[in-house]
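Enquirer: This is the content of coords01.txt (compact mmCIF, C-alpha atoms and all ligand atoms):
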```
# COMPACT_ATOMS: atom_id res chain seq x y z
CA MET A 1316 18.88 -3.76 -0.90
CA SER A 1317 21.82 -4.44 -3.23
CA ALA A 1318 24.17 -2.70 -0.81
CA ALA A 1319 22.72 -4.61 2.14
CA ALA A 1320 23.08 -7.99 0.44
CA LYS A 1321 26.58 -7.16 -0.78
CA ALA A 1322 27.70 -6.00 2.69
CA LYS A 1323 26.48 -9.26 4.21
CA ARG A 1324 28.24 -11.31 1.54
CA GLU A 1325 31.49 -9.40 2.12
CA ASP A 1326 31.33 -9.82 5.89
CA PRO A 1327 28.86 -12.42 7.17
CA GLU A 1328 29.54 -11.24 10.74
CA LEU A 1329 27.96 -7.84 10.04
CA GLU A 1330 24.55 -7.06 11.51
CA VAL A 1331 22.76 -5.50 8.54
CA VAL A 1332 19.45 -3.69 9.01
CA VAL A 1333 17.44 -2.07 6.20
CA LEU A 1334 14.90 0.62 7.08
CA GLU A 1335 12.16 0.85 4.46
CA GLN A 1336 9.31 3.30 4.90
CA GLY A 1337 7.08 1.50 2.40
CA ALA A 1338 5.55 -1.94 2.25
CA HIS A 1339 7.85 -3.48 -0.38
CA THR A 1340 11.50 -3.98 -1.18
CA SER A 1341 13.47 -5.75 -3.89
CA TYR A 1342 11.05 -5.48 -6.77
CA ALA A 1343 11.72 -4.92 -10.46
CA ALA A 1344 10.51 -1.36 -10.99
CA CYS A 1345 11.36 -1.68 -14.68
CA GLY A 1346 8.82 -4.52 -14.92
CA MET A 1347 5.92 -2.41 -13.66
CA PRO A 1348 4.82 -1.12 -17.09
CA TYR A 1349 4.72 -4.74 -18.38
CA TRP A 1350 2.69 -5.84 -15.36
CA LEU A 1351 0.23 -2.94 -15.73
CA ALA A 1352 -0.08 -3.74 -19.45
CA GLY A 1353 -0.90 -7.35 -18.59
CA ASP A 1354 2.28 -8.85 -20.07
CA VAL A 1355 3.38 -9.90 -16.57
CA SER A 1356 0.49 -11.81 -15.03
CA GLU A 1357 0.85 -10.94 -11.36
CA VAL A 1358 2.63 -8.42 -9.21
CA GLN A 1359 4.38 -11.13 -7.18
CA LYS A 1360 6.45 -11.93 -10.26
CA LEU A 1361 8.12 -8.52 -9.90
CA ILE A 1362 9.35 -9.27 -6.41
CA ALA A 1363 12.88 -10.59 -6.42
CA ARG A 1364 13.37 -11.19 -2.70
CA THR A 1365 10.88 -10.87 0.12
CA PRO A 1366 11.93 -9.56 3.55
CA GLN A 1367 11.58 -13.15 4.80
CA GLN A 1368 14.04 -14.37 2.15
CA MET A 1369 16.40 -11.53 3.04
CA ALA A 1370 16.18 -12.60 6.68
CA THR A 1371 17.40 -16.08 5.77
CA ASP A 1372 20.43 -14.36 4.21
CA GLY A 1373 21.00 -12.54 7.50
CA VAL A 1374 19.66 -9.14 6.40
CA ARG A 1375 16.93 -7.72 8.61
CA VAL A 1376 14.38 -5.61 6.72
CA ASP A 1377 12.18 -3.34 8.81
CA LEU A 1378 9.21 -2.38 6.61
CA HIS A 1379 7.14 0.70 7.47
CA HIS A 1380 10.14 2.17 9.26
CA GLN A 1381 11.16 5.66 8.21
CA ALA A 1382 14.53 7.25 8.91
CA VAL A 1383 13.57 10.76 10.00
CA ARG A 1384 16.86 12.15 11.28
CA ILE A 1385 20.52 11.21 11.25
CA ASN A 1386 22.87 12.33 13.97
CA ALA A 1387 26.35 11.65 12.64
CA ASP A 1388 28.02 12.86 15.89
CA THR A 1389 26.41 10.13 17.96
CA GLN A 1390 26.05 7.71 15.00
CA THR A 1391 22.36 7.30 15.53
CA VAL A 1392 19.28 7.37 13.33
CA ILE A 1393 15.92 8.47 14.63
CA VAL A 1394 13.45 5.94 13.27
CA ARG A 1395 9.68 6.29 13.05
CA ASP A 1396 7.74 3.05 13.15
CA LEU A 1397 4.88 4.07 10.85
CA SER A 1398 2.66 1.16 11.82
CA ALA A 1399 2.86 1.95 15.53
CA GLU A 1400 3.40 5.73 15.29
CA ARG A 1401 6.34 5.70 17.65
CA GLU A 1402 9.91 6.92 17.34
CA PHE A 1403 13.10 5.42 18.64
CA SER A 1404 16.83 5.76 18.21
CA MET A 1405 18.99 3.20 16.43
CA SER A 1406 22.78 3.27 16.53
CA TYR A 1407 25.06 2.36 13.64
CA ASP A 1408 28.72 1.85 12.84
CA GLN A 1409 28.33 2.37 9.10
CA LEU A 1410 25.39 3.97 7.35
CA VAL A 1411 24.34 3.71 3.70
CA ILE A 1412 21.76 6.24 2.52
CA ALA A 1413 19.80 4.97 -0.48
CA THR A 1414 16.55 6.90 -0.43
CA GLY A 1415 16.00 6.84 -4.20
CA ALA A 1416 13.89 9.56 -5.78
CA ARG A 1417 10.32 10.76 -6.05
CA ALA A 1418 8.31 11.13 -9.22
CA ALA A 1419 7.92 14.79 -10.21
CA ARG A 1420 4.34 16.00 -10.55
CA LEU A 1421 3.43 17.49 -13.91
CA ARG A 1422 3.42 21.28 -13.64
CA ILE A 1423 0.70 21.79 -16.21
CA ALA A 1424 -2.99 22.60 -15.92
CA GLY A 1425 -4.77 19.42 -14.86
CA GLY A 1426 -1.55 17.79 -13.72
CA ASP A 1427 -3.01 17.17 -10.28
CA LEU A 1428 -6.35 15.73 -11.44
CA ASP A 1429 -7.51 12.26 -10.44
CA GLY A 1430 -6.25 9.84 -13.05
CA VAL A 1431 -2.82 11.44 -13.40
CA PHE A 1432 -0.30 9.08 -11.82
CA GLY A 1433 3.39 8.95 -11.20
CA LEU A 1434 4.84 5.47 -11.52
CA ARG A 1435 7.76 5.21 -9.15
CA SER A 1436 7.11 2.74 -6.34
CA LEU A 1437 5.21 -0.52 -6.25
CA GLU A 1438 2.61 1.29 -4.12
CA SER A 1439 2.09 3.82 -6.92
CA GLY A 1440 1.78 0.96 -9.42
CA LEU A 1441 -0.84 -0.74 -7.24
CA ALA A 1442 -2.77 2.56 -6.99
CA LEU A 1443 -2.69 2.90 -10.79
CA GLN A 1444 -3.84 -0.71 -11.19
CA ARG A 1445 -6.76 -0.13 -8.81
CA PHE A 1446 -7.73 2.93 -10.88
CA LEU A 1447 -7.48 1.02 -14.17
CA ARG A 1448 -9.59 -1.85 -12.82
CA SER A 1449 -12.28 0.34 -11.26
CA ILE A 1450 -12.59 3.17 -13.81
CA ARG A 1451 -11.59 1.14 -16.89
CA PRO A 1452 -10.53 4.24 -18.86
CA ARG A 1453 -10.65 4.06 -22.65
CA GLN A 1454 -9.33 6.28 -25.37
CA PRO A 1455 -12.01 8.76 -26.54
C1 LIG B 1501 8.67 2.48 -14.12
C2 LIG B 1501 10.16 2.34 -13.95
C3 LIG B 1501 10.92 1.69 -14.92
C4 LIG B 1501 12.31 1.56 -14.76
N1 LIG B 1501 13.01 0.90 -15.73
C5 LIG B 1501 14.35 0.72 -15.57
C6 LIG B 1501 15.11 0.00 -16.53
O1 LIG B 1501 14.57 -0.52 -17.53
N2 LIG B 1501 16.45 -0.11 -16.34
C7 LIG B 1501 17.07 0.45 -15.24
O2 LIG B 1501 18.29 0.31 -15.09
N3 LIG B 1501 16.36 1.12 -14.32
C8 LIG B 1501 15.02 1.28 -14.45
N4 LIG B 1501 14.32 1.97 -13.51
C9 LIG B 1501 15.04 2.65 -12.44
C10 LIG B 1501 15.38 1.76 -11.28
O3 LIG B 1501 14.25 1.08 -10.79
C11 LIG B 1501 15.91 2.73 -10.23
O4 LIG B 1501 17.07 3.30 -10.75
C12 LIG B 1501 16.22 2.05 -8.96
O5 LIG B 1501 15.05 1.52 -8.39
C13 LIG B 1501 16.78 3.05 -7.99
O6 LIG B 1501 17.18 2.32 -6.87
P1 LIG B 1501 17.40 3.07 -5.51
O7 LIG B 1501 17.75 2.01 -4.51
O8 LIG B 1501 18.32 4.22 -5.69
O9 LIG B 1501 15.98 3.71 -5.14
P2 LIG B 1501 14.59 3.03 -4.87
O10 LIG B 1501 14.45 1.72 -5.58
O11 LIG B 1501 13.58 4.09 -5.08
O12 LIG B 1501 14.66 2.68 -3.32
C14 LIG B 1501 14.68 3.71 -2.35
C15 LIG B 1501 13.81 3.25 -1.20
O13 LIG B 1501 14.05 4.09 -0.09
C16 LIG B 1501 12.83 4.26 0.60
N5 LIG B 1501 12.96 5.48 1.41
C17 LIG B 1501 13.08 6.75 0.95
N6 LIG B 1501 13.23 7.61 1.98
C18 LIG B 1501 13.21 6.84 3.12
C19 LIG B 1501 13.33 7.13 4.52
N7 LIG B 1501 13.52 8.39 4.96
N8 LIG B 1501 13.27 6.10 5.41
C20 LIG B 1501 13.08 4.82 4.99
N9 LIG B 1501 12.97 4.50 3.67
C21 LIG B 1501 13.04 5.48 2.76
C22 LIG B 1501 11.77 4.35 -0.48
O14 LIG B 1501 10.50 4.00 0.03
C23 LIG B 1501 12.31 3.33 -1.51
O15 LIG B 1501 11.73 2.05 -1.34
C24 LIG B 1501 12.94 2.10 -13.62
C25 LIG B 1501 12.18 2.74 -12.63
C26 LIG B 1501 10.80 2.86 -12.78
C27 LIG B 1501 10.01 3.54 -11.69
```
For this file, produce the structure as structure tokens.

Expert:
Amino acid sequence: MSAAAKAKREDPELEVVVLEQGAHTSYAACGMPYWLAGDVSEVQKLIARTPQQMATDGVRVDLHHQAVRINADTQTVIVRDLSAEREFSMSYDQLVIATGARAARLRIAGGDLDGVFGLRSLESGLALQRFLRSIRPRQP
């Protein structure tokens, strides 16, 4: 999102499109532990810019759209619309790949049990919050 906003600022004539496979963009990942601990009252406070706000800056954000293949020869990306389960081709002049990282699973006995969470995306934070609210785990 930083690259998209910067590109638009540098050249307002550019058509900038962000493909995001998840449901959120532009949130403060570093604030998630404070939100889960209750120091930040609501998840909305972590969100810096919504897709609607980005649109007013001229950056189109396509949520639930996954880049599944890049063909550099034809300068196209095969995109899967996850909400409609369809694929289509999108052409580009310049492409920035910023796919981030995934949380590693613990490779220890019990590492895949319910209640063991990675905290990487806002979705994973929301899943952890649901668990904390429903199970209300306590120290033994
Ligand atoms: C709990 C936590 C605390 C942190 N604390 C700090 C801190 O205090 N200070 C600090 O500097 N940094 C901190 N970070 C790290 C910081 O948030 C990351 O460095 C930063 O988010 C990485 O940005 P990124 O754009 O590379 O990746 P991301 O923010 O992960 O963005 C990548 C996006 O690409 C999407 N994506 C991946 N593959 C595809 C695909 N094929 N098609 C479409 N979309 C795709 C993903 O869904 C994701 O939304 C923290 C991170 C976490 C999780």

Enquirer: Near Gly1415 (chain A), counting all atoms listed in the file, which residues have an atom at most 12 Å away, once you skip same-chain residues fewer than 5 positions from it, shown as a ChimeraX atom specification?

Expert: /A:1316,1335-1336,1344,1435-1436

Enquirer: Near region 1374-1384 of chain A, counting all atoms listed in the file, which residues have an atom at most 12 Å away, once you skip same-chain residues fewer than 3 positions from it, shown as number ranges by chain?

Expert: A: 1316-1324, 1326-1341, 1364-1371, 1387, 1389-1406, 1410-1414

Enquirer: Given the choices A:Lys1360, A:Asp1372, A:Tyr1342, A:Pro1348, which gets closest to Leu1434 (chain A) if the distance is worked out from only C-alpha atoms?

Expert: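 Answer, going by the shortest atom-to-atom distance: A:Pro1348.
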
Enquirer: What's the separation between atom O13 of ligand LIG 1501 (chain B) and CA of Asp1388 (chain A), in Å to one decimal place?

Expert: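 That distance, rounded to one decimal, is 23.0 Å.
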
Enquirer: Any idea what the distance is between CA of Ser1449 (chain A) and atom N4 of ligand LIG 1501 (chain B)?

Expert: 26.7 Å

Enquirer: Any idea what the distance is between atom N3 of ligand LIG 1501 (chain B) and CA of Asp1427 (chain A)?

Expert: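 Separating atom N3 of ligand LIG 1501 (chain B) from CA of Asp1427 (chain A) is a distance of 25.5 Å.
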
Enquirer: Out of A:Leu1437, A:Arg1420, A:Gln1454, A:Gly1430, which residue has the shortest atom-to-atom distance to ligand LIG 1501 (chain B) when counting all atoms listed in the file?

Expert: A:Leu1437

Enquirer: Considering only C-alpha atoms and all ligand atoms, state which residue in the set A:Ile1385, A:Ala1424, A:Ala1363, A:Ala1416 is at the smallest distance from ligand LIG 1501 (chain B).

Expert: A:Ala1416

Enquirer: Which is closer to ligand LIG 1501 (chain B) than all the others in A:Gln1359, A:Ala1419, A:Gly1440, A:Leu1428, using all atoms listed in the file?

Expert: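 The shortest atom-to-atom distance to ligand LIG 1501 (chain B) comes from A:Gly1440.
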